[in-house]
file upload-v9.tsv (TSV, C-alpha atoms)
chain	number	residue	atom	x	y	z
A	230	MET	CA	-15.85	-11.47	6.48
A	231	SER	CA	-15.41	-15.17	7.06
A	232	ILE	CA	-13.69	-17.42	4.54
A	233	ASP	CA	-16.94	-19.38	4.14
A	234	THR	CA	-18.79	-16.19	3.19
A	235	ILE	CA	-16.08	-15.27	0.69
A	236	VAL	CA	-16.24	-18.75	-0.85
A	237	ASN	CA	-20.02	-18.44	-1.25
A	238	LEU	CA	-19.79	-14.95	-2.75
A	239	ALA	CA	-17.03	-16.05	-5.14
A	240	LYS	CA	-19.46	-18.57	-6.65
A	241	LEU	CA	-21.25	-15.59	-8.20
A	242	GLY	CA	-18.16	-14.99	-10.37
A	243	GLY	CA	-16.57	-11.87	-11.76
A	244	MET	CA	-15.42	-10.57	-8.40
A	245	ALA	CA	-12.27	-9.52	-6.60
A	246	LEU	CA	-11.63	-9.13	-2.89
A	247	LYS	CA	-9.91	-6.23	-1.18
A	248	ASP	CA	-8.51	-7.93	1.91
A	249	SER	CA	-7.10	-5.61	4.58
A	250	ASP	CA	-6.44	-8.36	7.09
A	251	PRO	CA	-2.69	-8.42	7.87
A	252	ASN	CA	-2.93	-12.15	8.64
A	253	LEU	CA	-1.08	-13.65	5.68
A	254	ALA	CA	-2.30	-17.16	6.48
A	255	ARG	CA	-5.74	-15.95	5.37
A	256	VAL	CA	-4.62	-15.11	1.81
A	257	THR	CA	-2.88	-18.49	1.57
A	258	VAL	CA	-6.16	-20.24	2.40
A	259	LEU	CA	-8.23	-18.00	0.11
A	260	ALA	CA	-5.87	-18.55	-2.83
A	261	GLU	CA	-6.31	-22.28	-2.38
A	262	VAL	CA	-10.08	-22.48	-1.82
A	263	VAL	CA	-11.14	-19.83	-4.36
A	264	PRO	CA	-8.40	-19.91	-7.02
A	265	ASP	CA	-10.39	-17.82	-9.52
A	266	LEU	CA	-10.93	-14.94	-7.08
A	267	LYS	CA	-8.57	-11.99	-7.56
A	268	LEU	CA	-7.10	-11.21	-4.15
A	269	LEU	CA	-6.06	-7.60	-3.59
A	270	SER	CA	-4.27	-6.47	-0.47
A	271	GLY	CA	-5.68	-3.44	1.30
A	272	ASP	CA	-2.79	-3.38	3.78
A	273	ASP	CA	0.24	-1.66	2.22
A	274	PRO	CA	2.89	-2.74	4.75
A	275	THR	CA	2.19	-6.45	4.13
A	276	LEU	CA	1.96	-6.23	0.31
A	277	PRO	CA	5.19	-8.16	-0.44
A	278	GLY	CA	4.12	-11.00	1.83
A	279	TYR	CA	0.56	-10.86	0.51
A	280	LEU	CA	1.82	-11.39	-3.03
A	281	ALA	CA	4.10	-14.21	-1.90
A	282	HIS	CA	1.16	-15.95	-0.22
A	283	GLY	CA	-1.01	-15.95	-3.34
A	284	GLY	CA	-2.33	-12.40	-3.71
A	285	HIS	CA	-2.60	-10.67	-7.07
A	286	GLY	CA	-2.16	-6.96	-6.34
A	287	CYS	CA	-3.38	-4.20	-4.07
A	288	ILE	CA	-5.69	-1.29	-3.50
A	289	SER	CA	-3.05	0.96	-2.07
A	290	VAL	CA	-2.76	4.22	-0.15
A	291	THR	CA	0.99	4.23	-0.78
A	292	ALA	CA	0.43	4.16	-4.56
A	293	ASN	CA	-1.13	7.62	-4.31
A	294	ILE	CA	2.29	8.93	-3.32
A	295	ALA	CA	4.68	6.56	-5.10
A	296	PRO	CA	2.77	4.78	-7.90
A	297	ALA	CA	5.86	3.81	-9.86
A	298	LEU	CA	7.48	2.17	-6.84
A	299	VAL	CA	4.34	0.18	-5.99
A	300	LYS	CA	4.11	-0.90	-9.63
A	301	LYS	CA	7.79	-1.87	-9.56
A	302	LEU	CA	7.22	-3.99	-6.45
A	303	ILE	CA	4.28	-5.85	-8.00
A	304	THR	CA	5.94	-6.24	-11.41
A	305	SER	CA	9.14	-7.55	-9.87
A	306	TRP	CA	7.09	-10.18	-8.03
A	307	GLN	CA	5.27	-11.15	-11.24
A	308	TYR	CA	8.62	-11.64	-12.98
A	309	ARG	CA	10.01	-13.45	-9.93
A	310	ASP	CA	12.72	-10.83	-9.44
A	311	ILE	CA	12.77	-11.31	-5.68
A	312	GLU	CA	15.83	-9.12	-5.11
A	313	THR	CA	14.17	-6.10	-6.77
A	314	MET	CA	10.93	-6.81	-4.94
A	315	GLN	CA	12.71	-6.84	-1.57
A	316	GLU	CA	14.72	-3.72	-2.40
A	317	THR	CA	11.60	-1.86	-3.49
A	318	GLY	CA	9.68	-3.10	-0.46
A	319	LYS	CA	12.35	-1.64	1.81
A	320	LYS	CA	12.04	1.72	0.06
A	321	LEU	CA	8.28	1.68	0.48
A	322	ALA	CA	8.28	0.49	4.11
A	323	LYS	CA	9.22	3.87	5.61
A	324	LEU	CA	6.66	5.63	3.44
A	325	SER	CA	3.93	3.14	4.35
A	326	GLU	CA	4.75	3.64	8.02
A	327	ALA	CA	4.45	7.42	7.63
A	328	LEU	CA	1.13	7.13	5.80
A	329	PHE	CA	-0.56	5.39	8.69
A	330	VAL	CA	0.50	7.46	11.72
A	331	GLU	CA	-2.91	9.14	11.48
A	332	SER	CA	-6.14	8.15	9.76
A	333	ASN	CA	-6.04	7.94	5.98
A	334	PRO	CA	-5.97	10.29	4.03
A	335	ILE	CA	-4.47	12.81	6.49
A	336	PRO	CA	-0.77	11.88	6.06
A	337	ALA	CA	-1.23	11.24	2.33
A	338	LYS	CA	-2.66	14.70	1.79
A	339	TYR	CA	0.18	16.24	3.77
A	340	ILE	CA	2.84	14.43	1.70
A	341	LEU	CA	1.06	15.24	-1.57
A	342	SER	CA	0.95	18.90	-0.49
A	343	LYS	CA	4.72	18.82	0.17
A	344	MET	CA	5.14	17.40	-3.33
A	345	GLY	CA	3.13	20.31	-4.75
A	346	TYR	CA	0.13	18.31	-5.98
A	347	VAL	CA	-2.65	19.37	-3.60
A	348	ALA	CA	-3.39	21.75	-0.76
A	349	ASN	CA	-3.11	20.33	2.75
A	350	GLU	CA	-6.86	20.69	3.31
A	351	LEU	CA	-9.45	18.08	4.24
A	352	ARG	CA	-13.21	18.12	4.67
A	353	SER	CA	-14.68	17.92	8.13
A	354	PRO	CA	-14.54	15.88	10.30
A	355	LEU	CA	-10.94	15.27	9.16
A	356	THR	CA	-8.28	17.84	9.92
A	357	PRO	CA	-4.87	18.54	8.38
A	358	ALA	CA	-1.94	16.52	9.68
A	359	SER	CA	-1.00	17.22	13.26
A	360	LEU	CA	2.30	18.90	14.01
A	361	GLN	CA	3.55	15.57	15.39
A	362	THR	CA	2.69	13.81	12.10
A	363	GLN	CA	4.30	16.57	10.07
A	364	GLN	CA	7.47	16.33	12.14
A	365	LYS	CA	7.57	12.53	11.80
A	366	ILE	CA	7.23	12.77	8.03
A	367	ASN	CA	9.66	15.69	7.73
A	368	GLN	CA	12.37	14.11	9.90
A	369	ASP	CA	12.93	11.21	7.55
A	370	TYR	CA	13.56	12.15	3.96
A	371	THR	CA	15.04	8.75	3.06
A	372	PHE	CA	12.04	7.98	0.88
A	373	TRP	CA	11.69	11.39	-0.82
A	374	TYR	CA	14.42	10.85	-3.42
A	375	ASP	CA	12.97	7.55	-4.58
A	376	ILE	CA	9.46	8.98	-4.70
A	377	GLN	CA	10.45	12.05	-6.68
A	378	THR	CA	12.65	10.19	-9.17
A	379	THR	CA	10.16	7.39	-9.84
A	380	ARG	CA	6.91	9.38	-9.86
A	381	GLN	CA	6.18	8.70	-13.54
call {"tool": "encode", "arguments": {"input": "upload-v9.tsv", "output": "structure tokens"}}
result
Amino acid sequence: MSIDTIVNLAKLGGMALKDSDPNLARVTVLAEVVPDLKLLSGDDPTLPGYLAHGGHGCISVTANIAPALVKKLITSWQYRDIETMQETGKKLAKLSEALFVESNPIPAKYILSKMGYVANELRSPLTPASLQTQQKINQDYTFWYDIQTTRQ
């Protein structure tokens, strides 16, 4: 959607925008030309930068797995605790990478099944995570401790 279209739609009021464009220059422009529009990132890996460029929050795949860590990232930005935001962003980066090796929600369902929350089953035409995806997720447990201890 073009910036001009977003500006025109924002005139209707009472709206927010889920913006999945990883181009952070776009959110900078939008924050300036439609300051009353709530800008929500739809691209988990760029969330810290999105917030720093004028965004307000996110509609997140990663938050399905690690809601407390995503909340901590956003809250630390709101309180201008940049060190905590960067530290939390680093913890979430590996998870975000794992969540997008296949189409959403395939990796998310696999991780949630490993955590004991759901069965690793999807409706057609989606299929469970490939063996390659499972191996990629299983080989790197660096994010599991943080996810498990901050799940609440």
call {"tool": "atom_distance", "arguments": {"input": "upload-v9.tsv", "atom1": "atom CA of Leu280 of chain A", "atom2": "atom CA of Leu298 of chain A"}}
result
15.2 Å
call {"tool": "residues_around", "arguments": {"input": "upload-v9.tsv", "residues": "segment 265-267 of chain A", "least_positions_apart": "2", "cutoff": "8 Å", "atoms": "all atoms listed in the file", "output": "list in words"}}
result
Ala239, Gly242, Gly243, Met244, Ala245, Leu246, Ala260, Val263, Leu269, Gly284 and His285 of chain A
call {"tool": "write_last_selection", "arguments": {"input": "upload-v9.tsv", "atoms": "C-alpha atoms", "output": "mmCIF file, in the coordinates of the input"}}
result
data_model
loop_
_atom_site.group_PDB
_atom_site.id
_atom_site.type_symbol
_atom_site.label_atom_id
_atom_site.label_comp_id
_atom_site.auth_asym_id
_atom_site.auth_seq_id
_atom_site.Cartn_x
_atom_site.Cartn_y
_atom_site.Cartn_z
ATOM 1 C CA ALA A 239 -17.030 -16.050 -5.140
ATOM 2 C CA GLY A 242 -18.160 -14.990 -10.370
ATOM 3 C CA GLY A 243 -16.570 -11.870 -11.760
ATOM 4 C CA MET A 244 -15.420 -10.570 -8.400
ATOM 5 C CA ALA A 245 -12.270 -9.520 -6.600
ATOM 6 C CA LEU A 246 -11.630 -9.130 -2.890
ATOM 7 C CA ALA A 260 -5.870 -18.550 -2.830
ATOM 8 C CA VAL A 263 -11.140 -19.830 -4.360
ATOM 9 C CA LEU A 269 -6.060 -7.600 -3.590
ATOM 10 C CA GLY A 284 -2.330 -12.400 -3.710
ATOM 11 C CA HIS A 285 -2.600 -10.670 -7.070
#
call {"tool": "closest_residue", "arguments": {"input": "upload-v9.tsv", "among": "A:Glu261, A:Leu341, A:Lys319, A:Asn252", "to": "Ala292 of chain A", "atoms": "all atoms listed in the file"}}
result
A:Leu341
call {"tool": "atom_distance", "arguments": {"input": "upload-v9.tsv", "atom1": "atom CA of Thr317 of chain A", "atom2": "atom CA of Leu276 of chain A"}}
result
11.2 Å
call {"tool": "closest_residue", "arguments": {"input": "upload-v9.tsv", "among": "A:Pro264, A:Val347, A:Pro274, A:Ile288", "to": "Asp248 of chain A", "atoms": "all atoms listed in the file"}}
result
A:Ile288
call {"tool": "closest_residue", "arguments": {"input": "upload-v9.tsv", "among": "A:Asn293, A:Glu316, A:Arg309, A:Leu321", "to": "Ile340 of chain A", "atoms": "all atoms listed in the file"}}
result
A:Asn293
call {"tool": "atom_distance", "arguments": {"input": "upload-v9.tsv", "atom1": "atom CA of Leu259 of chain A", "atom2": "atom CA of Val330 of chain A"}}
result
29.3 Å
call {"tool": "decode", "arguments": {"input": "upload-v9.tsv", "residues": "segment 313-326 of chain A", "atoms": "all heavy atoms", "output": "short mmCIF file (atom, residue, chain, number, x, y, z; two decimals), in the first residue's frame"}}
result
data_model
loop_
_atom_site.label_atom_id
_atom_site.label_comp_id
_atom_site.auth_asym_id
_atom_site.auth_seq_id
_atom_site.Cartn_x
_atom_site.Cartn_y
_atom_site.Cartn_z
N THR A 313 18.50 -2.91 27.76
CA THR A 313 17.60 -4.06 27.92
C THR A 313 16.93 -4.40 26.59
O THR A 313 16.77 -5.57 26.24
CB THR A 313 16.55 -3.79 29.01
OG1 THR A 313 17.23 -3.58 30.25
CG2 THR A 313 15.58 -4.96 29.16
N MET A 314 16.54 -3.37 25.84
CA MET A 314 15.92 -3.61 24.55
C MET A 314 16.88 -4.37 23.62
O MET A 314 16.49 -5.34 22.98
CB MET A 314 15.50 -2.30 23.90
CG MET A 314 14.85 -2.48 22.54
SD MET A 314 14.41 -0.87 21.86
CE MET A 314 14.71 -1.16 20.15
N GLN A 315 18.13 -3.95 23.57
CA GLN A 315 19.10 -4.62 22.71
C GLN A 315 19.38 -6.04 23.18
O GLN A 315 19.43 -6.97 22.37
CB GLN A 315 20.40 -3.81 22.67
CG GLN A 315 20.26 -2.51 21.92
CD GLN A 315 21.50 -1.64 22.01
OE1 GLN A 315 22.22 -1.66 23.02
NE2 GLN A 315 21.76 -0.89 20.96
N GLU A 316 19.50 -6.23 24.47
CA GLU A 316 19.74 -7.56 25.04
C GLU A 316 18.58 -8.49 24.72
O GLU A 316 18.77 -9.63 24.31
CB GLU A 316 19.94 -7.42 26.55
CG GLU A 316 20.09 -8.73 27.29
CD GLU A 316 20.15 -8.49 28.79
OE1 GLU A 316 21.01 -7.70 29.24
OE2 GLU A 316 19.31 -9.07 29.51
N THR A 317 17.37 -8.00 24.89
CA THR A 317 16.18 -8.81 24.61
C THR A 317 16.05 -9.08 23.12
O THR A 317 15.70 -10.19 22.71
CB THR A 317 14.92 -8.10 25.16
OG1 THR A 317 15.12 -7.80 26.54
CG2 THR A 317 13.70 -8.98 25.01
N GLY A 318 16.36 -8.07 22.31
CA GLY A 318 16.32 -8.26 20.86
C GLY A 318 17.27 -9.35 20.40
O GLY A 318 16.95 -10.13 19.50
N LYS A 319 18.44 -9.42 21.01
CA LYS A 319 19.40 -10.47 20.67
C LYS A 319 18.85 -11.85 21.03
O LYS A 319 19.03 -12.81 20.29
CB LYS A 319 20.73 -10.23 21.38
CG LYS A 319 21.52 -9.08 20.81
CD LYS A 319 22.78 -8.83 21.60
CE LYS A 319 23.47 -7.57 21.13
NZ LYS A 319 24.63 -7.24 21.97
N LYS A 320 18.18 -11.94 22.16
CA LYS A 320 17.58 -13.22 22.57
C LYS A 320 16.49 -13.64 21.59
O LYS A 320 16.33 -14.82 21.29
CB LYS A 320 17.00 -13.12 23.98
CG LYS A 320 18.03 -12.98 25.06
CD LYS A 320 17.38 -12.80 26.42
CE LYS A 320 18.42 -12.60 27.50
NZ LYS A 320 17.81 -12.36 28.80
N LEU A 321 15.73 -12.68 21.11
CA LEU A 321 14.62 -12.98 20.21
C LEU A 321 15.07 -13.21 18.76
O LEU A 321 14.34 -13.84 18.00
CB LEU A 321 13.59 -11.85 20.25
CG LEU A 321 12.77 -11.78 21.53
CD1 LEU A 321 11.98 -10.47 21.60
CD2 LEU A 321 11.83 -12.97 21.62
N ALA A 322 16.24 -12.72 18.39
CA ALA A 322 16.68 -12.80 17.00
C ALA A 322 16.77 -14.24 16.50
O ALA A 322 16.30 -14.57 15.41
CB ALA A 322 18.02 -12.09 16.83
N LYS A 323 17.36 -15.13 17.29
CA LYS A 323 17.52 -16.52 16.87
C LYS A 323 16.15 -17.19 16.76
O LYS A 323 15.91 -17.96 15.83
CB LYS A 323 18.40 -17.25 17.89
CG LYS A 323 18.96 -18.52 17.37
CD LYS A 323 19.95 -18.24 16.26
CE LYS A 323 20.95 -19.36 16.15
NZ LYS A 323 21.82 -19.20 15.00
N LEU A 324 15.27 -16.88 17.68
CA LEU A 324 13.92 -17.44 17.62
C LEU A 324 13.18 -16.93 16.39
O LEU A 324 12.56 -17.70 15.66
CB LEU A 324 13.14 -17.09 18.90
CG LEU A 324 11.66 -17.49 18.92
CD1 LEU A 324 11.49 -18.99 18.73
CD2 LEU A 324 11.02 -17.03 20.22
N SER A 325 13.25 -15.64 16.14
CA SER A 325 12.59 -15.07 14.96
C SER A 325 13.10 -15.71 13.69
O SER A 325 12.34 -16.02 12.78
CB SER A 325 12.80 -13.55 14.90
OG SER A 325 12.08 -12.92 15.93
N GLU A 326 14.41 -15.93 13.63
CA GLU A 326 15.00 -16.58 12.46
C GLU A 326 14.41 -17.98 12.28
O GLU A 326 14.02 -18.37 11.18
CB GLU A 326 16.51 -16.66 12.63
CG GLU A 326 17.23 -17.32 11.47
CD GLU A 326 18.71 -17.46 11.72
OE1 GLU A 326 19.31 -16.59 12.41
OE2 GLU A 326 19.30 -18.43 11.22
#
